[in-house]
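Data file: structure02.cif. Format and content: mmCIF, C-alpha atoms; chains and numbers go by the auth columns.
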data_entry
#
loop_
_atom_site.group_PDB
_atom_site.id
_atom_site.type_symbol
_atom_site.label_atom_id
_atom_site.label_comp_id
_atom_site.label_asym_id
_atom_site.label_seq_id
_atom_site.Cartn_x
_atom_site.Cartn_y
_atom_site.Cartn_z
_atom_site.B_iso_or_equiv
_atom_site.auth_seq_id
_atom_site.auth_asym_id
ATOM 1 C CA GLN A 1 0.000 0.000 0.000 0.00 484 K
ATOM 2 C CA VAL A 2 1.363 3.404 -0.955 0.00 485 K
ATOM 3 C CA ARG A 3 1.495 6.113 1.688 0.00 486 K
ATOM 4 C CA LEU A 4 2.689 9.693 1.482 0.00 487 K
ATOM 5 C CA VAL A 5 3.393 11.295 4.856 0.00 488 K
ATOM 6 C CA GLU A 6 4.135 15.006 5.096 0.00 489 K
ATOM 7 C CA SER A 7 5.869 16.769 7.947 0.00 490 K
ATOM 8 C CA GLY A 8 7.438 20.135 8.689 0.00 491 K
ATOM 9 C CA GLY A 9 4.449 22.456 8.623 0.00 492 K
ATOM 10 C CA GLY A 10 3.752 24.954 11.361 0.00 493 K
ATOM 11 C CA LEU A 11 3.451 28.595 12.324 0.00 494 K
ATOM 12 C CA VAL A 12 6.123 31.059 11.263 0.00 495 K
ATOM 13 C CA GLN A 13 6.464 34.817 11.038 0.00 496 K
ATOM 14 C CA ALA A 14 6.638 36.558 7.695 0.00 497 K
ATOM 15 C CA GLY A 15 10.166 36.400 6.333 0.00 498 K
ATOM 16 C CA GLY A 16 10.841 33.092 8.030 0.00 499 K
ATOM 17 C CA SER A 17 11.526 29.661 6.605 0.00 500 K
ATOM 18 C CA LEU A 18 10.087 26.173 6.778 0.00 501 K
ATOM 19 C CA ARG A 19 11.095 22.893 5.202 0.00 502 K
ATOM 20 C CA LEU A 20 8.401 20.403 4.290 0.00 503 K
ATOM 21 C CA SER A 21 9.200 16.730 3.854 0.00 504 K
ATOM 22 C CA CYS A 22 7.166 13.993 2.206 0.00 505 K
ATOM 23 C CA SER A 23 8.164 10.407 2.786 0.00 506 K
ATOM 24 C CA VAL A 24 6.802 7.872 0.321 0.00 507 K
ATOM 25 C CA SER A 25 6.358 4.275 1.425 0.00 508 K
ATOM 26 C CA GLY A 26 5.229 1.365 -0.700 0.00 509 K
ATOM 27 C CA SER A 27 6.121 0.701 -4.308 0.00 510 K
ATOM 28 C CA ILE A 28 5.281 3.168 -7.024 0.00 511 K
ATOM 29 C CA PHE A 29 6.359 2.256 -10.530 0.00 512 K
ATOM 30 C CA ASN A 30 6.947 4.653 -13.376 0.00 513 K
ATOM 31 C CA ILE A 31 6.942 7.853 -11.314 0.00 514 K
ATOM 32 C CA ASN A 32 6.565 10.844 -13.610 0.00 515 K
ATOM 33 C CA SER A 33 6.717 13.661 -11.076 0.00 516 K
ATOM 34 C CA MET A 34 6.787 14.470 -7.376 0.00 517 K
ATOM 35 C CA GLY A 35 5.692 17.779 -6.017 0.00 518 K
ATOM 36 C CA TRP A 36 3.666 20.000 -3.780 0.00 519 K
ATOM 37 C CA TYR A 37 0.242 21.604 -4.029 0.00 520 K
ATOM 38 C CA ARG A 38 -1.530 23.923 -1.623 0.00 521 K
ATOM 39 C CA GLN A 39 -5.097 24.819 -0.839 0.00 522 K
ATOM 40 C CA THR A 40 -6.898 27.500 1.145 0.00 523 K
ATOM 41 C CA PRO A 41 -10.575 27.414 2.144 0.00 524 K
ATOM 42 C CA GLY A 42 -12.893 28.099 -0.744 0.00 525 K
ATOM 43 C CA LYS A 43 -10.174 27.880 -3.374 0.00 526 K
ATOM 44 C CA GLN A 44 -8.986 25.178 -5.727 0.00 527 K
ATOM 45 C CA ARG A 45 -5.856 23.259 -4.959 0.00 528 K
ATOM 46 C CA GLU A 46 -2.957 24.836 -6.834 0.00 529 K
ATOM 47 C CA LEU A 47 0.377 23.477 -7.937 0.00 530 K
ATOM 48 C CA VAL A 48 3.260 25.034 -6.020 0.00 531 K
ATOM 49 C CA ALA A 49 6.283 23.105 -7.277 0.00 532 K
ATOM 50 C CA LEU A 50 7.150 19.834 -8.910 0.00 533 K
ATOM 51 C CA THR A 51 10.193 17.915 -9.987 0.00 534 K
ATOM 52 C CA SER A 52 10.334 15.516 -12.896 0.00 535 K
ATOM 53 C CA GLY A 53 13.741 14.091 -13.682 0.00 536 K
ATOM 54 C CA SER A 54 16.032 17.100 -13.949 0.00 537 K
ATOM 55 C CA ILE A 55 13.162 19.524 -14.500 0.00 538 K
ATOM 56 C CA THR A 56 11.575 21.656 -11.798 0.00 539 K
ATOM 57 C CA ASN A 57 8.569 23.939 -12.152 0.00 540 K
ATOM 58 C CA TYR A 58 7.198 26.544 -9.797 0.00 541 K
ATOM 59 C CA VAL A 59 4.132 28.716 -9.635 0.00 542 K
ATOM 60 C CA ASP A 60 5.173 32.313 -10.289 0.00 543 K
ATOM 61 C CA SER A 61 4.322 33.494 -6.784 0.00 544 K
ATOM 62 C CA VAL A 62 6.990 31.281 -5.166 0.00 545 K
ATOM 63 C CA LYS A 63 9.797 31.525 -7.709 0.00 546 K
ATOM 64 C CA GLY A 64 13.038 32.577 -6.062 0.00 547 K
ATOM 65 C CA ARG A 65 11.711 31.714 -2.593 0.00 548 K
ATOM 66 C CA PHE A 66 10.814 28.002 -2.692 0.00 549 K
ATOM 67 C CA THR A 67 12.962 25.068 -3.767 0.00 550 K
ATOM 68 C CA VAL A 68 11.719 21.546 -4.455 0.00 551 K
ATOM 69 C CA SER A 69 14.153 18.658 -4.225 0.00 552 K
ATOM 70 C CA ARG A 70 14.068 14.909 -4.209 0.00 553 K
ATOM 71 C CA ASP A 71 16.090 12.258 -2.404 0.00 554 K
ATOM 72 C CA ASN A 72 15.565 9.135 -4.452 0.00 555 K
ATOM 73 C CA PRO A 73 17.266 6.607 -2.128 0.00 556 K
ATOM 74 C CA ARG A 74 15.073 7.831 0.725 0.00 557 K
ATOM 75 C CA ASN A 75 11.946 8.165 -1.449 0.00 558 K
ATOM 76 C CA THR A 76 11.469 11.623 -0.043 0.00 559 K
ATOM 77 C CA VAL A 77 10.592 14.953 -1.616 0.00 560 K
ATOM 78 C CA TYR A 78 11.236 18.273 0.098 0.00 561 K
ATOM 79 C CA LEU A 79 9.996 21.810 -0.209 0.00 562 K
ATOM 80 C CA GLN A 80 12.299 24.461 1.215 0.00 563 K
ATOM 81 C CA MET A 81 10.302 27.639 1.732 0.00 564 K
ATOM 82 C CA ASN A 82 12.175 30.869 2.418 0.00 565 K
ATOM 83 C CA ASN A 83 11.010 34.450 2.860 0.00 566 K
ATOM 84 C CA LEU A 84 7.513 33.233 3.633 0.00 567 K
ATOM 85 C CA LYS A 85 4.593 35.599 3.198 0.00 568 K
ATOM 86 C CA PRO A 86 1.127 35.604 4.786 0.00 569 K
ATOM 87 C CA GLU A 87 -0.343 34.673 1.400 0.00 570 K
ATOM 88 C CA ASP A 88 1.611 31.406 1.549 0.00 571 K
ATOM 89 C CA THR A 89 -0.681 30.290 4.357 0.00 572 K
ATOM 90 C CA ALA A 90 -2.403 27.077 3.237 0.00 573 K
ATOM 91 C CA VAL A 91 -2.573 23.349 3.647 0.00 574 K
ATOM 92 C CA TYR A 92 0.292 21.868 1.645 0.00 575 K
ATOM 93 C CA TYR A 93 -0.129 18.478 -0.008 0.00 576 K
ATOM 94 C CA CYS A 94 2.528 16.153 -1.332 0.00 577 K
ATOM 95 C CA ASN A 95 1.739 14.577 -4.698 0.00 578 K
ATOM 96 C CA VAL A 96 3.185 11.789 -6.813 0.00 579 K
ATOM 97 C CA LYS A 97 2.072 11.195 -10.380 0.00 580 K
ATOM 98 C CA ALA A 98 2.866 7.912 -12.066 0.00 581 K
ATOM 99 C CA GLY A 99 1.963 5.787 -15.034 0.00 582 K
ATOM 100 C CA TRP A 100 1.717 8.805 -17.357 0.00 583 K
ATOM 101 C CA GLY A 101 -1.259 10.313 -15.616 0.00 584 K
ATOM 102 C CA THR A 102 -3.058 7.121 -14.751 0.00 585 K
ATOM 103 C CA ARG A 103 -2.099 7.145 -11.077 0.00 586 K
ATOM 104 C CA ASP A 104 -2.183 10.062 -8.638 0.00 587 K
ATOM 105 C CA TYR A 105 -1.127 9.776 -4.999 0.00 588 K
ATOM 106 C CA TRP A 106 -1.695 12.355 -2.263 0.00 589 K
ATOM 107 C CA GLY A 107 -0.541 12.928 1.275 0.00 590 K
ATOM 108 C CA GLN A 108 -2.854 13.971 4.078 0.00 591 K
ATOM 109 C CA GLY A 109 -1.674 17.588 4.056 0.00 592 K
ATOM 110 C CA THR A 110 0.261 19.758 6.469 0.00 593 K
ATOM 111 C CA GLN A 111 -0.786 23.220 7.620 0.00 594 K
ATOM 112 C CA VAL A 112 1.527 26.161 7.001 0.00 595 K
ATOM 113 C CA THR A 113 0.556 29.437 8.663 0.00 596 K
ATOM 114 C CA VAL A 114 2.524 32.634 8.118 0.00 597 K
ATOM 115 C CA SER A 115 1.774 35.508 10.458 0.00 598 K
ATOM 116 C CA SER A 116 2.315 39.126 9.487 0.00 599 K
#

Please go through the file and, once you have read it, give me the structure as structure tokens.
Amino acid sequence: QVRLVESGGGLVQAGGSLRLSCSVSGSIFNINSMGWYRQTPGKQRELVALTSGSITNYVDSVKGRFTVSRDNPRNTVYLQMNNLKPEDTAVYYCNVKAGWGTRDYWGQGTQVTVSS
């Protein structure tokens, strides 16, 4: 059974940093991408950052502040978040896509709150 477990969320002041981790257990074949999404109440879940092979993509609002990375031997994906802003406040979800879009795995989410 595949499980994605996030950690590292919390409360931080504006300008601070947090590092999210997502540990993947179980076997996932043909992984296409690993990444992070976020969601606030009443809004759709949005892509924050993803890594696919040597390629990384970020939503414009986090470029230059967030860095996504992957540790393959540990089956873990990270999101380093620097210079956090109140508008980064959201529940952050780890995501793995595999099988060329046929399989989508999600973590349970971790709350990030940035105070002004």

Report task. For the structure shown, which residues end up in the PyMOL selection byres ((chain K and resi 552) around 8)? Put them as JSON, numbers by chain, please? Result -> {"K": [534, 550, 551, 553, 554, 560, 561, 562]}

Report task. For the structure provided, state which residues fall under the PyMOL selection byres ((chain K and resi 570) around 12), and present them as a list of chain:residue names. Result ->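 For this structure, the PyMOL selection byres ((chain K and resi 570) around 12) resolves to K:Gln496, K:Ala497, K:Gly498, K:Arg521, K:Gln522, K:Thr523, K:Ser544, K:Val545, K:Asn566, K:Leu567, K:Lys568, K:Pro569, K:Asp571, K:Thr572, K:Ala573, K:Val574, K:Val595, K:Thr596, K:Val597, K:Ser598, K:Ser599.
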
Tell me which protein, DNA and RNA residues are within 8 Å of region 502-508 of chain K, counting only C-alpha atoms, leaving out same-chain ones fewer than 6 positions away, and put them as an mmCIF file with C-alpha atoms, in the frame of the given file.
data_model
loop_
_atom_site.group_PDB
_atom_site.id
_atom_site.type_symbol
_atom_site.label_atom_id
_atom_site.label_comp_id
_atom_site.auth_asym_id
_atom_site.auth_seq_id
_atom_site.Cartn_x
_atom_site.Cartn_y
_atom_site.Cartn_z
ATOM 1 C CA GLN K 484 0.000 0.000 0.000
ATOM 2 C CA VAL K 485 1.363 3.404 -0.955
ATOM 3 C CA ARG K 486 1.495 6.113 1.688
ATOM 4 C CA LEU K 487 2.689 9.693 1.482
ATOM 5 C CA VAL K 488 3.393 11.295 4.856
ATOM 6 C CA GLU K 489 4.135 15.006 5.096
ATOM 7 C CA SER K 490 5.869 16.769 7.947
ATOM 8 C CA GLY K 491 7.438 20.135 8.689
ATOM 9 C CA GLY K 492 4.449 22.456 8.623
ATOM 10 C CA ARG K 557 15.073 7.831 0.725
ATOM 11 C CA ASN K 558 11.946 8.165 -1.449
ATOM 12 C CA THR K 559 11.469 11.623 -0.043
ATOM 13 C CA VAL K 560 10.592 14.953 -1.616
ATOM 14 C CA TYR K 561 11.236 18.273 0.098
ATOM 15 C CA LEU K 562 9.996 21.810 -0.209
ATOM 16 C CA GLN K 563 12.299 24.461 1.215
ATOM 17 C CA MET K 564 10.302 27.639 1.732
ATOM 18 C CA CYS K 577 2.528 16.153 -1.332
ATOM 19 C CA GLY K 590 -0.541 12.928 1.275
#

Requested in this report: Show which residues sit within 6 Å of Ala581 (chain K), as JSON, numbers by chain. Count only C-alpha atoms, and ignore same-chain residues fewer than 4 positions away.
Outcome: {"K": [513, 514, 515, 586]}

Hey, what comes out of the PyMOL selection byres ((chain K and resi 519) around 8) on this file? Could you write it as a PDB file with C-alpha atoms, in the frame of the given file?
ATOM      1  CA  MET K 517       6.787  14.470  -7.376  1.00  0.00           C
ATOM      2  CA  GLY K 518       5.692  17.779  -6.017  1.00  0.00           C
ATOM      3  CA  TYR K 520       0.242  21.604  -4.029  1.00  0.00           C
ATOM      4  CA  ARG K 521      -1.530  23.923  -1.623  1.00  0.00           C
ATOM      5  CA  LEU K 530       0.377  23.477  -7.937  1.00  0.00           C
ATOM      6  CA  VAL K 531       3.260  25.034  -6.020  1.00  0.00           C
ATOM      7  CA  ALA K 532       6.283  23.105  -7.277  1.00  0.00           C
ATOM      8  CA  LEU K 533       7.150  19.834  -8.910  1.00  0.00           C
ATOM      9  CA  LEU K 562       9.996  21.810  -0.209  1.00  0.00           C
ATOM     10  CA  TYR K 575       0.292  21.868   1.645  1.00  0.00           C
ATOM     11  CA  TYR K 576      -0.129  18.478  -0.008  1.00  0.00           C
ATOM     12  CA  CYS K 577       2.528  16.153  -1.332  1.00  0.00           C
ATOM     13  CA  ASN K 578       1.739  14.577  -4.698  1.00  0.00           C
TER      14      ASN K 578
END

Query - Å distance separating CA of Gly509 (chain K) from CA of Glu529 (chain K), one decimal place - result: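 That distance, rounded to one decimal, is 25.6 Å.
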
**Report entry** Coordinates-based distance that separates CA of Val542 (chain K) from CA of Asp587 (chain K) (Å, one decimal)
**Finding:** 19.7 Å

**Report entry** Computed interatomic separation between CA of Arg528 (chain K) and CA of Pro556 (chain K) (Å)
**Finding:** 28.6 Å

Requested in this report: Measuring atom to atom with all atoms listed in the file, identify which of K:Thr585, K:Thr593, K:Ser535, K:Asn565 is nearest to Phe549 (chain K).
Outcome: K:Asn565

Requested in this report: Measuring atom to atom with all atoms listed in the file, identify which of K:Gly584, K:Gly525, K:Ser516, K:Asn555 is nearest to Asn540 (chain K).
Outcome: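 Under the stated criterion, the closest residue is K:Ser516.
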
Please write out, as JSON, where the centre of an axis-aligned box around all listed atoms of region 487-491 of chain K lies and how long its edges are, in Å to one decimal, after adding 5 Å on each side.
{"center_x": 5.1, "center_y": 14.9, "center_z": 5.1, "size_x": 14.7, "size_y": 20.4, "size_z": 17.2}
